[in-house]
>>> print(open('protein.txt').read())   # compact mmCIF, C-alpha atoms
# COMPACT_ATOMS: atom_id res chain seq x y z
CA MET D 1 28.11 81.83 45.33
CA ASN D 2 26.97 85.38 45.92
CA SER D 3 27.67 87.72 48.82
CA LEU D 4 24.47 86.64 50.62
CA ASP D 5 25.72 83.08 50.76
CA ILE D 6 29.07 84.20 52.14
CA ALA D 7 27.29 86.27 54.79
CA LYS D 8 25.25 83.18 55.69
CA ILE D 9 28.40 81.06 56.03
CA VAL D 10 30.05 83.65 58.27
CA LEU D 11 26.89 83.93 60.36
CA VAL D 12 26.76 80.16 60.84
CA LEU D 13 30.48 79.87 61.64
CA ILE D 14 30.32 82.62 64.27
CA GLY D 15 26.72 82.53 65.44
CA ALA D 16 26.24 78.79 65.86
CA PRO D 17 28.90 78.25 68.56
CA ILE D 18 27.64 81.28 70.49
CA LEU D 19 24.08 79.93 70.36
CA GLY D 20 25.28 76.41 71.20
CA CYS D 21 27.33 77.74 74.11
CA LEU D 22 24.29 79.55 75.50
CA LEU D 23 22.18 76.41 75.05
CA ALA D 24 24.76 74.35 76.92
CA GLY D 25 24.82 76.98 79.68
CA ILE D 26 21.03 76.99 79.93
CA ASP D 27 21.15 73.20 80.02
CA ARG D 28 23.54 73.17 83.00
CA ARG D 29 21.62 75.90 84.79
CA LEU D 30 18.25 74.17 84.30
CA THR D 31 19.69 70.83 85.40
CA ALA D 32 21.01 72.47 88.57
CA ARG D 33 17.64 74.09 89.28
CA LEU D 34 15.84 70.78 88.77
CA GLN D 35 18.22 69.26 91.33
CA GLY D 36 17.63 72.09 93.82
CA ARG D 37 21.01 73.75 93.27
CA VAL D 38 21.89 77.31 92.28
CA GLY D 39 23.96 76.17 89.32
CA PRO D 40 26.80 77.75 87.34
CA PRO D 41 26.50 81.00 85.37
CA ILE D 42 24.95 80.75 81.89
CA LEU D 43 28.36 81.47 80.32
CA GLN D 44 30.04 78.59 82.19
CA PRO D 45 30.63 76.48 79.01
CA TYR D 46 32.43 79.50 77.51
CA TYR D 47 34.69 79.78 80.58
CA ASP D 48 35.37 76.04 80.39
CA VAL D 49 36.45 76.25 76.74
CA MET D 50 38.61 79.32 77.41
CA LYS D 51 40.25 77.53 80.31
CA LEU D 52 40.89 74.39 78.27
CA PHE D 53 42.72 76.47 75.66
CA GLN D 54 45.13 77.65 78.37
CA LYS D 55 46.04 74.12 79.41
CA ASP D 56 48.73 71.91 77.94
CA ASN D 57 47.67 69.48 75.24
CA MET D 58 48.52 66.00 76.48
CA VAL D 59 47.81 63.27 73.93
CA VAL D 60 48.57 59.59 73.78
CA ASN D 61 49.23 59.74 70.05
CA GLU D 62 49.34 62.62 67.60
CA SER D 63 46.48 61.31 65.47
CA GLN D 64 44.04 62.16 68.28
CA ASN D 65 44.33 65.83 67.28
CA LEU D 66 43.42 64.97 63.69
CA TYR D 67 40.22 63.22 64.84
CA VAL D 68 39.19 66.30 66.82
CA VAL D 69 39.65 68.45 63.71
CA LEU D 70 37.73 65.92 61.58
CA TYR D 71 34.87 65.87 64.08
CA VAL D 72 34.55 69.67 64.17
CA VAL D 73 34.92 70.09 60.40
CA PHE D 74 32.27 67.51 59.56
CA VAL D 75 29.81 68.85 62.14
CA ILE D 76 30.25 72.35 60.69
CA LEU D 77 29.88 70.94 57.17
CA SER D 78 26.62 69.18 58.01
CA LEU D 79 25.31 72.33 59.70
CA LEU D 80 26.20 74.40 56.63
CA MET D 81 24.50 71.86 54.36
CA LEU D 82 21.40 72.10 56.53
CA VAL D 83 21.42 75.90 56.35
CA PHE D 84 21.83 75.79 52.56
CA ASP D 85 18.92 73.33 52.14
CA ALA D 86 21.11 70.60 50.70
CA ASP D 87 20.33 66.91 50.28
CA ILE D 88 18.99 65.53 53.58
CA LEU D 89 20.39 62.06 52.89
CA MET D 90 23.84 63.56 52.27
CA ILE D 91 23.55 65.61 55.48
CA VAL D 92 22.86 62.42 57.45
CA PHE D 93 25.92 60.74 55.93
CA VAL D 94 28.23 63.71 56.50
CA TYR D 95 26.99 63.95 60.06
CA THR D 96 27.75 60.26 60.62
CA VAL D 97 31.38 60.84 59.60
CA SER D 98 31.71 63.33 62.46
CA SER D 99 30.40 60.78 64.97
CA VAL D 100 32.72 58.13 63.57
CA ALA D 101 35.69 60.52 63.93
CA LEU D 102 35.06 60.68 67.69
CA VAL D 103 34.68 56.91 67.88
CA VAL D 104 37.95 56.30 66.04
CA GLY D 105 39.66 58.97 68.15
CA GLY D 106 38.59 57.17 71.30
CA MET D 107 39.65 53.79 69.92
CA SER D 108 43.09 55.09 68.84
CA THR D 109 44.16 55.82 72.42
CA GLY D 110 44.09 52.28 73.72
CA SER D 111 42.67 53.39 77.04
CA PRO D 112 40.13 50.81 78.25
CA TYR D 113 37.66 53.52 79.29
CA ALA D 114 37.90 55.22 75.90
CA ARG D 115 37.44 51.85 74.19
CA ILE D 116 34.30 51.02 76.16
CA GLY D 117 32.97 54.50 75.50
CA SER D 118 33.70 54.22 71.78
CA SER D 119 32.07 50.82 71.42
CA ARG D 120 29.01 52.15 73.22
CA GLU D 121 28.94 55.14 70.86
CA ILE D 122 28.94 52.68 67.95
CA MET D 123 25.87 51.08 69.50
CA ALA D 124 24.29 54.53 69.75
CA ILE D 125 25.02 55.20 66.06
CA LEU D 126 23.55 51.80 65.26
CA SER D 127 20.35 52.63 67.07
CA TYR D 128 19.66 56.16 65.78
CA GLU D 129 20.91 55.90 62.20
CA PRO D 130 17.92 53.92 60.79
CA ILE D 131 15.52 56.51 62.19
CA LEU D 132 17.45 59.37 60.58
CA ILE D 133 17.36 57.49 57.26
CA LEU D 134 13.61 56.93 57.60
CA TYR D 135 13.21 60.63 58.34
CA ALA D 136 15.03 61.41 55.10
CA LEU D 137 12.88 58.82 53.29
CA ALA D 138 9.69 60.41 54.62
CA ILE D 139 10.83 63.81 53.31
CA TYR D 140 11.49 62.15 49.95
CA LEU D 141 8.03 60.56 49.83
CA LEU D 142 6.36 63.84 50.72
CA THR D 143 8.25 66.15 48.36
CA GLY D 144 9.55 63.80 45.67
CA THR D 145 13.15 64.84 46.30
CA PHE D 146 15.77 64.58 49.02
CA LYS D 147 16.60 68.26 48.54
CA LEU D 148 15.48 70.30 51.53
CA SER D 149 14.91 73.32 49.30
CA ALA D 150 11.67 71.63 48.18
CA LEU D 151 10.30 72.23 51.68
CA ASN D 152 10.32 75.96 50.98
CA ASN D 153 7.51 75.49 48.43
CA THR D 154 5.17 73.70 50.83
CA THR D 155 2.46 75.25 52.97
CA THR D 156 1.71 72.44 55.42
CA PRO D 157 4.31 71.55 58.05
CA LEU D 158 5.96 68.11 57.95
CA LEU D 159 4.80 67.41 61.50
CA MET D 160 1.21 66.99 60.26
CA TYR D 161 2.20 63.98 58.14
CA ILE D 162 5.04 62.40 60.13
CA PRO D 163 4.10 62.72 63.81
CA LEU D 164 5.38 59.21 64.61
CA ILE D 165 8.80 60.01 63.15
CA PHE D 166 8.74 63.18 65.24
CA ILE D 167 8.35 61.05 68.39
CA SER D 168 11.24 58.83 67.27
CA MET D 169 13.37 61.91 66.53
CA MET D 170 12.78 63.14 70.09
CA PHE D 171 14.48 59.97 71.34
CA VAL D 172 17.23 60.39 68.74
CA MET D 173 17.83 63.86 70.22
CA ASN D 174 18.25 62.25 73.62
CA ILE D 175 20.77 59.78 72.23
CA LYS D 176 22.69 62.39 70.23
CA PHE D 177 22.83 64.98 73.01
CA LYS D 178 24.36 62.12 75.04
CA LYS D 179 21.93 62.68 77.86
CA SER D 180 20.45 60.29 80.37
CA PRO D 181 18.94 57.65 79.93
CA PHE D 182 21.39 57.18 77.02
CA ASP D 183 24.45 59.02 78.42
CA TYR D 184 26.88 56.15 78.52
CA SER D 185 29.41 56.90 75.77
CA THR D 186 30.87 60.07 77.30
CA SER D 187 29.18 60.30 80.62
CA HIS D 188 28.97 63.63 82.39
CA HIS D 189 27.74 62.19 85.64
CA ALA D 190 29.21 58.73 86.14
CA HIS D 191 32.97 59.09 86.56
CA GLN D 192 33.21 56.13 88.86
CA GLU D 193 32.13 53.72 86.19
CA LEU D 194 33.50 55.03 82.93
CA VAL D 195 35.67 58.07 83.84
CA LYS D 196 34.85 60.15 80.74
CA GLY D 197 34.03 57.48 78.20
CA MET D 198 35.51 57.99 74.75
CA LEU D 199 36.80 61.48 75.67
CA THR D 200 38.93 60.15 78.56
CA GLU D 201 42.27 60.71 76.84
CA TYR D 202 41.61 64.21 75.53
CA SER D 203 42.92 67.20 77.44
CA GLY D 204 43.35 70.94 77.06
CA PRO D 205 42.88 72.37 73.54
CA GLY D 206 41.82 68.96 72.15
CA LEU D 207 38.92 68.78 74.57
CA ALA D 208 38.13 72.44 73.90
CA GLY D 209 37.83 71.58 70.20
CA ILE D 210 35.40 68.79 71.00
CA GLU D 211 33.37 71.15 73.22
CA ILE D 212 33.15 73.68 70.37
CA GLY D 213 32.11 70.83 68.07
CA HIS D 214 29.36 70.02 70.57
CA PHE D 215 28.13 73.62 70.39
CA TYR D 216 27.78 73.31 66.59
CA GLU D 217 26.18 69.90 67.05
CA TYR D 218 23.55 71.29 69.44
CA VAL D 219 22.51 73.81 66.79
CA PHE D 220 22.59 71.20 64.02
CA LEU D 221 20.41 68.73 65.93
CA LEU D 222 17.87 71.39 66.85
CA GLY D 223 17.95 72.39 63.17
CA LEU D 224 16.81 68.87 62.30
CA MET D 225 13.83 69.38 64.63
CA PHE D 226 13.21 72.81 63.10
CA LEU D 227 12.60 71.12 59.73
CA PHE D 228 9.37 69.65 61.11
CA TRP D 229 7.79 73.11 60.99
CA LYS D 230 9.87 74.88 58.40
CA VAL D 231 6.87 76.74 56.92
CA ASN D 232 6.73 79.10 59.89
CA ILE D 233 10.04 80.16 61.44
CA ILE D 234 8.56 81.11 64.84
CA ILE D 235 6.72 77.80 65.32
CA GLY D 236 9.73 75.94 63.92
CA LEU D 237 11.99 77.51 66.55
CA LEU D 238 9.37 76.69 69.17
CA VAL D 239 9.43 73.02 68.10
CA ALA D 240 13.22 73.03 68.40
CA LEU D 241 12.98 74.64 71.84
CA ILE D 242 10.45 72.04 72.99
CA ALA D 243 12.77 69.28 71.81
CA PHE D 244 15.64 70.88 73.76
CA LEU D 245 13.59 71.18 76.96
CA PHE D 246 12.37 67.61 76.51
CA VAL D 247 15.97 66.39 76.36
CA ILE D 248 16.92 68.28 79.55
CA ILE D 249 13.88 67.10 81.48
CA MET D 250 14.37 63.50 80.34
CA ASP D 251 18.01 63.82 81.43
CA ASN D 252 16.93 64.72 84.95
CA ILE D 253 14.03 62.37 85.51
CA THR D 254 15.50 59.15 84.16
CA ALA D 255 18.28 56.84 85.24
CA ARG D 256 20.76 55.45 82.76
CA VAL D 257 19.76 52.24 80.97
CA TYR D 258 21.92 49.45 79.60
CA TRP D 259 22.97 49.95 76.00
CA GLN D 260 21.03 46.77 75.20
CA TRP D 261 17.87 48.53 76.33
CA MET D 262 18.51 51.47 74.04
CA LEU D 263 19.03 49.10 71.13
CA LYS D 264 15.80 47.29 72.00
CA ILE D 265 13.81 50.51 72.36
CA SER D 266 15.04 51.98 69.11
CA TRP D 267 15.00 48.82 66.99
CA THR D 268 11.54 47.77 68.15
CA ILE D 269 9.26 50.64 69.19
CA LEU D 270 10.91 53.60 67.49
CA LEU D 271 11.79 51.79 64.27
CA ILE D 272 8.35 50.20 64.00
CA ILE D 273 6.43 53.44 64.47
CA SER D 274 8.75 55.16 61.99
CA VAL D 275 8.23 52.40 59.42
CA VAL D 276 4.46 52.55 59.99
CA ASN D 277 4.58 56.27 59.35
CA VAL D 278 6.59 55.83 56.14
CA LEU D 279 4.31 53.01 54.96
CA TYR D 280 1.28 55.22 55.56
CA LEU D 281 2.82 57.95 53.42
CA TYR D 282 3.64 55.39 50.72
CA VAL D 283 0.28 53.63 50.66
CA ALA D 284 -1.87 56.76 50.97
CA LYS D 285 0.33 58.44 48.31
CA ILE D 286 0.38 61.72 50.20
CA LYS D 287 2.29 64.44 48.38
CA LEU D 288 3.09 67.92 49.63
CA ILE D 289 4.01 69.14 46.16
CA MET L 290 41.12 84.73 84.05
CA ALA L 291 39.17 81.80 82.72
CA LEU L 292 41.15 79.33 84.80
CA ALA L 293 39.72 80.64 88.06
CA LYS L 294 36.22 80.42 86.68
CA SER L 295 36.21 76.75 85.80
CA PRO L 296 38.40 74.69 88.10
CA TRP L 297 37.94 70.99 87.48
CA ILE L 298 38.85 68.76 90.35
CA ILE L 299 40.24 65.27 90.50
CA HIS L 300 39.87 63.63 93.86
CA VAL L 301 42.61 61.18 94.85
CA ASN L 302 42.11 59.00 97.87
CA CYS L 303 45.52 58.01 99.28
CA ASN L 304 44.59 55.55 101.99
CA SER L 305 42.13 57.93 103.59
CA CYS L 306 39.66 56.68 106.22
CA ASN L 307 36.82 58.03 103.97
CA GLY L 308 35.98 60.78 106.45
CA CYS L 309 37.51 63.47 104.23
CA ASP L 310 36.19 61.81 101.07
CA ILE L 311 32.64 62.10 102.30
CA GLU L 312 33.20 65.78 103.10
CA VAL L 313 34.68 66.37 99.62
CA LEU L 314 31.61 64.80 98.05
CA ALA L 315 29.38 66.85 100.34
CA CYS L 316 30.73 69.97 98.60
CA LEU L 317 29.03 68.85 95.42
CA THR L 318 25.60 68.28 96.98
CA PRO L 319 22.77 70.83 96.62
CA LEU L 320 23.51 72.24 100.09
CA TYR L 321 27.00 73.52 99.19
CA ASP L 322 26.79 73.30 95.38
CA ALA L 323 30.39 73.79 94.33
CA GLU L 324 29.25 73.89 90.69
CA ARG L 325 28.11 77.49 91.14
CA PHE L 326 31.82 78.39 91.06
CA GLY L 327 32.27 76.22 87.96
CA VAL L 328 33.81 73.42 90.02
CA LEU L 329 33.30 70.02 88.44
CA ASN L 330 34.37 66.68 89.86
CA ILE L 331 36.13 65.17 86.87
CA GLY L 332 37.16 61.55 86.64
CA THR L 333 40.28 61.71 84.51
CA PRO L 334 43.52 63.48 85.54
CA LYS L 335 44.06 64.62 81.94
CA GLN L 336 41.19 67.08 82.21
CA ALA L 337 41.75 68.21 85.80
CA ASP L 338 43.19 71.48 87.15
CA ILE L 339 43.11 70.92 90.89
CA MET L 340 44.20 67.68 92.52
CA VAL L 341 42.44 67.13 95.83
CA VAL L 342 44.34 64.56 97.90
CA THR L 343 42.96 63.00 101.04
CA GLY L 344 44.77 60.59 103.36
CA SER L 345 48.40 60.02 104.27
CA ILE L 346 50.99 58.72 101.82
CA ASN L 347 52.37 55.25 102.33
CA TYR L 348 54.76 53.07 100.40
CA LYS L 349 51.99 51.30 98.55
CA ASN L 350 50.23 54.32 97.09
CA VAL L 351 53.10 56.76 96.60
CA ASN L 352 53.69 55.73 93.00
CA VAL L 353 49.99 55.89 92.20
CA LEU L 354 49.93 59.45 93.52
CA LYS L 355 53.01 60.46 91.51
CA ASN L 356 51.59 58.86 88.40
CA ILE L 357 48.31 60.75 88.66
CA TYR L 358 50.18 64.00 89.41
CA ASN L 359 52.32 63.59 86.29
CA GLN L 360 49.25 62.99 84.14
CA ILE L 361 47.62 66.33 84.97
CA PRO L 362 48.44 68.92 82.28
CA ASP L 363 49.95 72.25 83.42
CA PRO L 364 48.99 74.61 84.99
CA LYS L 365 47.92 72.51 87.97
CA VAL L 366 47.72 72.86 91.74
CA VAL L 367 47.56 70.33 94.55
CA LEU L 368 45.23 70.74 97.51
CA ALA L 369 45.89 68.59 100.57
CA VAL L 370 42.60 68.01 102.39
CA GLY L 371 42.59 66.89 106.02
CA ALA L 372 45.16 66.33 108.72
CA CYS L 373 46.50 63.12 107.18
CA ALA L 374 47.15 64.66 103.75
CA SER L 375 48.72 67.76 105.33
CA THR L 376 51.09 66.17 107.83
CA GLY L 377 50.41 62.46 108.06
CA GLY L 378 47.98 63.14 110.89
CA ILE L 379 47.29 60.39 113.39
CA PHE L 380 49.23 57.94 111.24
CA HIS L 381 52.40 60.07 110.97
CA ASP L 382 54.69 57.65 112.84
CA CYS L 383 53.29 54.39 111.46
CA TYR L 384 55.97 52.11 110.03
CA ASN L 385 54.49 52.21 106.53
CA VAL L 386 53.59 55.90 106.30
CA ILE L 387 55.81 58.44 104.51
CA GLY L 388 53.85 61.43 105.84
CA GLY L 389 51.90 64.28 104.27
CA VAL L 390 51.44 64.75 100.53
CA ASP L 391 54.14 67.45 100.48
CA GLN L 392 56.77 64.79 101.17
CA VAL L 393 56.23 63.49 97.63
CA ILE L 394 54.73 66.18 95.38
CA PRO L 395 54.59 69.99 95.74
CA VAL L 396 51.43 71.09 97.58
CA ASP L 397 49.97 74.55 97.01
CA ALA L 398 47.25 74.73 99.66
CA TYR L 399 46.39 72.84 102.83
CA VAL L 400 42.99 72.34 104.43
CA PRO L 401 43.43 71.34 108.09
CA GLY L 402 40.89 69.39 110.13
CA CYS L 403 39.92 65.83 110.91
CA CYS L 404 37.79 65.84 109.00
CA PRO L 405 37.52 69.37 107.53
CA ARG L 406 34.07 70.85 107.05
CA PRO L 407 32.82 71.26 103.45
CA GLU L 408 33.00 75.04 103.89
CA ALA L 409 36.70 74.70 104.72
CA ILE L 410 37.29 72.54 101.64
CA LEU L 411 35.51 75.07 99.40
CA ASP L 412 37.68 77.76 101.04
CA GLY L 413 40.75 75.71 100.20
CA VAL L 414 39.64 75.37 96.56
CA VAL L 415 39.11 79.13 96.32
CA ALA L 416 42.57 79.69 97.84
CA ALA L 417 44.05 77.27 95.32
CA LEU L 418 42.42 79.22 92.47
CA SER L 419 44.64 82.28 92.98
CA VAL L 420 47.69 79.99 92.98
CA LEU L 421 46.43 78.41 89.76
CA GLU L 422 45.99 81.84 88.21
CA SER L 423 49.52 82.98 89.17
CA LYS L 424 50.98 79.73 87.88
CA SER L 425 49.20 80.26 84.59
CA GLN L 426 50.49 83.83 84.23
CA GLY L 427 54.05 82.94 85.26
CA LYS L 428 53.95 79.83 83.04
CA ILE L 429 55.14 77.80 86.03
CA LYS L 430 55.20 74.13 85.18
CA GLY L 431 54.67 71.43 87.77
CA LYS L 432 57.84 69.46 88.27
CA ASP L 433 58.03 66.04 86.72
CA VAL L 434 58.04 63.73 89.72
CA LYS L 435 60.11 60.65 89.03
CA LEU L 436 58.78 57.22 89.83
CA LYS L 437 61.16 55.07 91.87
CA GLY L 438 60.53 51.40 92.58
CA ASN L 439 58.49 50.74 95.69
CA GLU L 440 60.20 53.44 97.77
CA VAL L 441 60.64 51.18 100.80
CA PRO L 442 63.60 52.49 102.87
CA SER L 443 66.39 50.08 103.72
CA ASN L 444 65.91 50.46 107.48
CA ALA L 445 62.19 49.69 107.42
>>> encode(input="protein.txt", output="structure tokens")
Amino acid sequence: MNSLDIAKIVLVLIGAPILGCLLAGIDRRLTARLQGRVGPPILQPYYDVMKLFQKDNMVVNESQNLYVVLYVVFVILSLLMLVFDADILMIVFVYTVSSVALVVGGMSTGSPYARIGSSREIMAILSYEPILILYALAIYLLTGTFKLSALNNTTTPLLMYIPLIFISMMFVMNIKFKKSPFDYSTSHHAHQELVKGMLTEYSGPGLAGIEIGHFYEYVFLLGLMFLFWKVNIIIGLLVALIAFLFVIIMDNITARVYWQWMLKISWTILLIISVVNVLYLYVAKIKLI
Amino acid sequence: MALAKSPWIIHVNCNSCNGCDIEVLACLTPLYDAERFGVLNIGTPKQADIMVVTGSINYKNVNVLKNIYNQIPDPKVVLAVGACASTGGIFHDCYNVIGGVDQVIPVDAYVPGCCPRPEAILDGVVAALSVLESKSQGKIKGKDVKLKGNEVPSNA
């Protein structure tokens, strides 16, 4: 590990939450504008986190704090692995551990709302995980290795060969950002039904930790979209931005669906088009390297 | 500093006639847009800063109110919205009514009116913010309100 790597790590640890915080602020502002409101300042998520750190930490059991730490650590780890062009399959697995930490944290409280939220999050994991694996498989078929560093030697962007997986990944973004129509595990807008889903029993610094984890997660997820056009950084960032705007607009123009619907959409349409895309790569023997 | 910029509200309906509740919800609509001050209507008391109570307190809901109050982490403030929550209002001498919210838990700001206009409620929230800020700096904890049976007095 040389000094450049250390600089990269520091940049990710400090820069990613700032970027994620701004993205979350832009998200809330844009949502407000789409609803005809003025909306909060762009730095509102930062104020929220700062406020939460000033509050008392009220937990049902001590292990809840551990799950918050696990969630944040594994999100940061997966983001670092993405930045260092590690194994895409490993990144997917490490990232899943972070989601599972939140699920277990919700389950450990015994609150009925947290339990419902957690079981719905399990359904969400069930519906997006196969698509992430197929995405990793497509990268393997194209480059001959799961290592993302192989993408640096290519000249054509991934999007040219896996457009159908790109469409599926757009929906995965919607599920992972926990936005409408799939916003039922920790709902921002439906307190009457589910209170706060699997985050119901978190308060103060614990919730602040989860919010910071979300900031890292925003950057990580958009990083996954960036991979589709890794050959050109500007266009890659543009692809990530389009994915982000797509998620916000979908959030505002759709109503929430049943979790059964999400499972049906992802296990029929999205999974089939992803498999078709992978089969095409396999049969046509397309290689980027 | 940050506390005043992101007050999260939990709305507790203690036997209100829904008049005040509708006005509280009107604050969140595009016309008044309380979110521009960072105000969010949050569902769980564990993440709330300001407790907005509407309606008078009676023997049936007093323990629910105390329970929710105790679940809000410090620093916290209570805002009594409407005539009923402030004093008991038109129901003050009913046989089952204890009175205003301040008979049971400490109240930091009152919004009068039956029902108060959304502007008045937003004013009340802004007034509560300075109390919240001073409580945070002075590290003033809300008192732990004890739950007692059904609270029905012996002469009732």
>>> closest_residue(input="protein.txt", among="D:Ser111, D:Ser98, D:Asn2, D:Thr145", to="chain L", atoms="only C-alpha atoms")
D:Ser111
>>> closest_residue(input="protein.txt", among="D:Ser118, D:Ser108, D:Thr186, D:Ser127", to="chain L", atoms="only C-alpha atoms")
D:Thr186
>>> closest_atom_pairs(input="protein.txt", of="chain D", to="chain L", cutoff="8 Å", atoms="all atoms listed in the file", output="CSV")
residue,atom,partner,partner_atom,distance
D:Gln35,CA,L:Pro319,CA,7.2
D:Gly36,CA,L:Pro319,CA,6.0
D:Arg37,CA,L:Pro319,CA,4.8
D:Val38,CA,L:Arg325,CA,6.3
D:Gly39,CA,L:Arg325,CA,4.7
D:Pro40,CA,L:Arg325,CA,4.0
D:Pro41,CA,L:Arg325,CA,6.9
D:Gln44,CA,L:Gly327,CA,6.6
D:Tyr47,CA,L:Ala291,CA,5.4
D:Asp48,CA,L:Ser295,CA,5.5
D:Met50,CA,L:Ala291,CA,5.9
D:Lys51,CA,L:Leu292,CA,4.9
D:Gln54,CA,L:Leu292,CA,7.7
D:Lys55,CA,L:Asp363,CA,5.9
D:Asp56,CA,L:Pro362,CA,5.3
D:Asn57,CA,L:Pro362,CA,7.1
D:Met58,CA,L:Pro362,CA,6.5
D:His191,CA,L:Gly332,CA,4.9
D:Gln192,CA,L:Gly332,CA,7.1
D:Val195,CA,L:Gly332,CA,4.7
D:Lys196,CA,L:Gly332,CA,6.5
D:Thr200,CA,L:Thr333,CA,6.3
D:Glu201,CA,L:Lys335,CA,6.7
D:Tyr202,CA,L:Lys335,CA,6.9
D:Ser203,CA,L:Gln336,CA,5.1
D:Gly204,CA,L:Gln336,CA,6.8
>>> atom_distance(input="protein.txt", atom1="atom CA of Gly25 of chain D", atom2="atom CA of Phe246 of chain D")
15.9 Å
>>> closest_residue(input="protein.txt", among="D:Met262, D:Val69, D:Ile286, D:Val231", to="Pro181 of chain D", atoms="only C-alpha atoms")
D:Met262
>>> atom_distance(input="protein.txt", atom1="atom CA of Val415 of chain L", atom2="atom CA of Asp27 of chain D")
25.0 Å
>>> atom_distance(input="protein.txt", atom1="atom CA of Asp391 of chain L", atom2="atom CA of Leu194 of chain D")
29.8 Å
>>> residues_near_point(input="protein.txt", point="(21.3, 45.9, 74.2)", cutoff="12 Å", atoms="only C-alpha atoms", output="list of chain:residue names")
D:Arg120, D:Ile122, D:Met123, D:Ala124, D:Leu126, D:Ser127, D:Phe182, D:Val257, D:Tyr258, D:Trp259, D:Gln260, D:Trp261, D:Met262, D:Leu263, D:Lys264, D:Ile265, D:Ser266, D:Trp267, D:Thr268
>>> residues_around(input="protein.txt", residues="Ala24 of chain D", least_positions_apart="3", cutoff="9 Å", atoms="all atoms listed in the file", output="list in words")
Leu19, Gly20, Cys21, Asp27, Arg28, Arg29, Ile42, Leu43, Gln44, Pro45, His214, Phe215 and Tyr218 of chain D
>>> residues_around(input="protein.txt", residues="Leu102 of chain D", least_positions_apart="6", cutoff="9 Å", atoms="only C-alpha atoms", output="count of residues only")
9
>>> closest_atom_pairs(input="protein.txt", of="segment 123-233 of chain D", to="segment 276-285 of chain D", cutoff="12 Å", atoms="all atoms listed in the file", output="CSV")
residue,atom,partner,partner_atom,distance
D:Ile131,CA,D:Val278,CA,10.8
D:Ile133,CA,D:Val278,CA,11.0
D:Leu134,CA,D:Val278,CA,7.3
D:Tyr135,CA,D:Val278,CA,8.5
D:Ala136,CA,D:Val278,CA,10.2
D:Leu137,CA,D:Val278,CA,7.5
D:Ala138,CA,D:Val278,CA,5.7
D:Ile139,CA,D:Val278,CA,9.5
D:Tyr140,CA,D:Val278,CA,10.1
D:Leu141,CA,D:Tyr282,CA,6.8
D:Leu142,CA,D:Leu281,CA,7.4
D:Thr143,CA,D:Lys285,CA,11.1
D:Gly144,CA,D:Lys285,CA,11.0
D:Leu158,CA,D:Leu281,CA,11.6
D:Leu159,CA,D:Asn277,CA,11.3
D:Met160,CA,D:Asn277,CA,11.3
D:Tyr161,CA,D:Leu281,CA,7.7
D:Ile162,CA,D:Asn277,CA,6.2
D:Pro163,CA,D:Asn277,CA,7.9
D:Leu164,CA,D:Asn277,CA,6.1
D:Ile165,CA,D:Asn277,CA,6.8
D:Phe166,CA,D:Asn277,CA,10.0
D:Ile167,CA,D:Asn277,CA,10.9
D:Ser168,CA,D:Asn277,CA,10.7
>>> residues_around(input="protein.txt", residues="Ser119 of chain D", least_positions_apart="6", cutoff="9 Å", atoms="all atoms listed in the file", output="VMD selection string")
chain D and resid 103 107 185 198
>>> closest_residue(input="protein.txt", among="L:Leu421, L:Ile429, L:Val390, L:Ala398", to="Leu368 of chain L", atoms="all atoms listed in the file")
L:Ala398
>>> residues_around(input="protein.txt", residues="Ala372 of chain L", least_positions_apart="5", cutoff="6 Å", atoms="only C-alpha atoms", output="JSON, numbers by chain")
{"L": [378, 401, 402, 403]}
>>> write_last_selection(input="protein.txt", atoms="C-alpha atoms", output="mmCIF file, in the coordinates of the input")
data_model
loop_
_atom_site.group_PDB
_atom_site.id
_atom_site.type_symbol
_atom_site.label_atom_id
_atom_site.label_comp_id
_atom_site.auth_asym_id
_atom_site.auth_seq_id
_atom_site.Cartn_x
_atom_site.Cartn_y
_atom_site.Cartn_z
ATOM 1 C CA GLY L 378 47.980 63.140 110.890
ATOM 2 C CA PRO L 401 43.430 71.340 108.090
ATOM 3 C CA GLY L 402 40.890 69.390 110.130
ATOM 4 C CA CYS L 403 39.920 65.830 110.910
#
>>> closest_residue(input="protein.txt", among="L:Ile357, L:Glu422, L:Val370, L:His300", to="Arg406 of chain L", atoms="only C-alpha atoms")
L:Val370
>>> closest_residue(input="protein.txt", among="L:Cys316, L:Val367, L:Cys303, L:Leu411", to="Gly431 of chain L", atoms="only C-alpha atoms")
L:Val367
>>> residues_around(input="protein.txt", residues="Lys435 of chain L", least_positions_apart="2", cutoff="12 Å", atoms="all atoms listed in the file", output="ChimeraX atom specification")
/L:351-359,393-394,432-433,437-438,440
>>> residues_near_point(input="protein.txt", point="(12.4, 79.1, 51.2)", cutoff="12 Å", atoms="only C-alpha atoms", output="list in words")
Val83, Phe84, Asp85, Lys147, Leu148, Ser149, Ala150, Leu151, Asn152, Asn153, Thr154, Thr155, Leu227, Lys230, Val231, Asn232 and Ile233 of chain D
>>> decode(input="protein.txt", residues="segment 204-215 of chain D", atoms="C-alpha atoms", output="mmCIF file, in the first residue's frame")
data_model
loop_
_atom_site.group_PDB
_atom_site.id
_atom_site.type_symbol
_atom_site.label_atom_id
_atom_site.label_comp_id
_atom_site.auth_asym_id
_atom_site.auth_seq_id
_atom_site.Cartn_x
_atom_site.Cartn_y
_atom_site.Cartn_z
ATOM 1 C CA GLY D 204 -30.367 9.958 18.332
ATOM 2 C CA PRO D 205 -26.766 8.961 17.515
ATOM 3 C CA GLY D 206 -27.844 5.479 16.354
ATOM 4 C CA LEU D 207 -30.090 6.966 13.699
ATOM 5 C CA ALA D 208 -27.393 9.492 12.820
ATOM 6 C CA GLY D 209 -25.033 6.570 12.168
ATOM 7 C CA ILE D 210 -27.569 4.990 9.850
ATOM 8 C CA GLU D 211 -28.031 8.306 8.028
ATOM 9 C CA ILE D 212 -24.259 8.580 7.506
ATOM 10 C CA GLY D 213 -24.290 4.982 6.272
ATOM 11 C CA HIS D 214 -26.971 6.020 3.791
ATOM 12 C CA PHE D 215 -24.717 8.820 2.519
#
